[in-house]
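Colleague: I have a structure I would like to understand better, so I am pasting it below and will then ask my questions one at a time.
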Amino acid sequence: MAKLSAQTAPDVPYPPEVTAFADQLEAIMADGTHDLDAIVAALNARGVASGGHTTWTAESLSMYFGQLANQ
(Lines give C-alpha, C1' and ligand atoms only; values in the text may rest on other atoms or scores of the structure.)
Protein backbone atom coordinates (compact mmCIF):
# COMPACT_ATOMS: atom_id res chain seq x y z
CA MET A 1 0.00 0.00 0.00
CA ALA A 2 1.36 3.43 -0.98
CA LYS A 3 1.94 6.09 1.62
CA LEU A 4 -0.73 8.77 1.86
CA SER A 5 1.89 11.49 1.31
CA ALA A 6 2.84 9.87 -1.99
CA GLN A 7 -0.81 9.83 -3.03
CA THR A 8 -1.47 13.48 -2.27
CA ALA A 9 1.83 15.13 -3.17
CA PRO A 10 2.06 16.83 -6.58
CA ASP A 11 4.33 15.13 -9.10
CA VAL A 12 6.50 18.23 -9.28
CA PRO A 13 6.82 20.34 -6.13
CA TYR A 14 5.59 23.89 -6.40
CA PRO A 15 8.25 26.58 -6.79
CA PRO A 16 9.39 28.31 -3.57
CA GLU A 17 7.42 31.44 -4.55
CA VAL A 18 4.17 29.46 -4.58
CA THR A 19 5.01 27.70 -1.33
CA ALA A 20 5.73 31.07 0.35
CA PHE A 21 2.41 32.41 -1.00
CA ALA A 22 0.57 29.37 0.38
CA ASP A 23 2.24 29.77 3.77
CA GLN A 24 1.14 33.41 3.96
CA LEU A 25 -2.38 32.57 2.81
CA GLU A 26 -2.61 29.85 5.44
CA ALA A 27 -1.44 32.27 8.16
CA ILE A 28 -3.98 34.87 7.05
CA MET A 29 -6.81 32.36 7.16
CA ALA A 30 -5.62 30.97 10.51
CA ASP A 31 -6.17 34.48 11.90
CA GLY A 32 -9.85 34.08 11.01
CA THR A 33 -9.76 36.02 7.74
CA HIS A 34 -11.96 34.26 5.18
CA ASP A 35 -13.61 37.05 3.19
CA LEU A 36 -12.00 37.46 -0.25
CA ASP A 37 -11.59 41.24 0.04
CA ALA A 38 -10.06 40.88 3.52
CA ILE A 39 -7.66 38.20 2.26
CA VAL A 40 -6.62 40.49 -0.60
CA ALA A 41 -6.03 43.35 1.85
CA ALA A 42 -3.96 41.09 4.12
CA LEU A 43 -1.84 39.82 1.21
CA ASN A 44 -1.16 43.41 0.17
CA ALA A 45 -0.42 44.53 3.74
CA ARG A 46 2.09 41.68 4.12
CA GLY A 47 3.71 42.45 0.77
CA VAL A 48 3.09 38.95 -0.56
CA ALA A 49 4.19 38.55 -4.17
CA SER A 50 3.58 35.50 -6.33
CA GLY A 51 2.73 34.63 -9.90
CA GLY A 52 3.89 38.03 -11.12
CA HIS A 53 1.52 39.83 -8.74
CA THR A 54 2.84 42.37 -6.28
CA THR A 55 -0.49 44.05 -5.66
CA TRP A 56 -3.54 41.85 -5.31
CA THR A 57 -7.18 42.43 -6.26
CA ALA A 58 -10.07 40.02 -5.84
CA GLU A 59 -9.92 39.38 -9.58
CA SER A 60 -6.17 38.73 -9.73
CA LEU A 61 -6.31 36.43 -6.70
CA SER A 62 -9.18 34.44 -8.21
CA MET A 63 -7.29 34.13 -11.49
CA TYR A 64 -4.14 33.03 -9.66
CA PHE A 65 -6.03 30.30 -7.82
CA GLY A 66 -7.25 29.09 -11.21
CA GLN A 67 -3.70 29.06 -12.58
CA LEU A 68 -2.46 27.09 -9.58
CA ALA A 69 -5.28 24.59 -9.93
CA ASN A 70 -4.33 23.93 -13.54
CA GLN A 71 -0.64 23.29 -12.85
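Lettering and numbering for the C-alpha coordinates are positional, with chains as A, B, ... in the shown order, residues counted from 1 in each chain, and ligands counted from 1 in the shown order.
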As a PyMOL selection string, which residues of chain A does DSSP assign to alpha helix (DSSP H)?
Modeller: chain A and resi 4-8+16-30+36-46+58-69
Colleague: If we count only C-alpha atoms and set the cut-off at 12 Å, which residues sit around Arg46 (chain A), ignoring sequence neighbours fewer than 4 positions away in its own chain? Please answer as JSON, numbers by chain.
Modeller: {"A": [20, 21, 23, 24, 25, 27, 28, 39, 40, 41, 42, 54, 55, 56]}
Colleague: Figure out the distance between CA of Gly47 (chain A) and CA of Asp35 (chain A), please, to one decimal in Å.
Modeller: 18.3 Å
Colleague: Between CA of Tyr14 (chain A) and CA of Ser60 (chain A), what is the distance, to one decimal in Å?
Modeller: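 Between CA of Tyr14 (chain A) and CA of Ser60 (chain A) the gap is 19.2 Å.
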Colleague: Interatomic distance between CA of Gly51 (chain A) and CA of Gly66 (chain A)?
Modeller: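 Straight-line distance from CA of Gly51 (chain A) to CA of Gly66 (chain A) works out to 11.5 Å.
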Colleague: So, with only C-alpha atoms as the atoms that count, which of A:Asn70, A:Leu61, A:Glu26, A:Gly32 lies closest to Ala49 (chain A)?
Modeller: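 Among the listed residues, A:Leu61 lies closest to Ala49 (chain A).
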Colleague: Counting only C-alpha atoms, figure out which residue out of A:Asn44, A:Val18, A:Pro13, A:Ala30 gets nearest to Gln67 (chain A).
Modeller: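 When distances to Gln67 (chain A) are compared using only C-alpha atoms, the smallest one comes from A:Val18.
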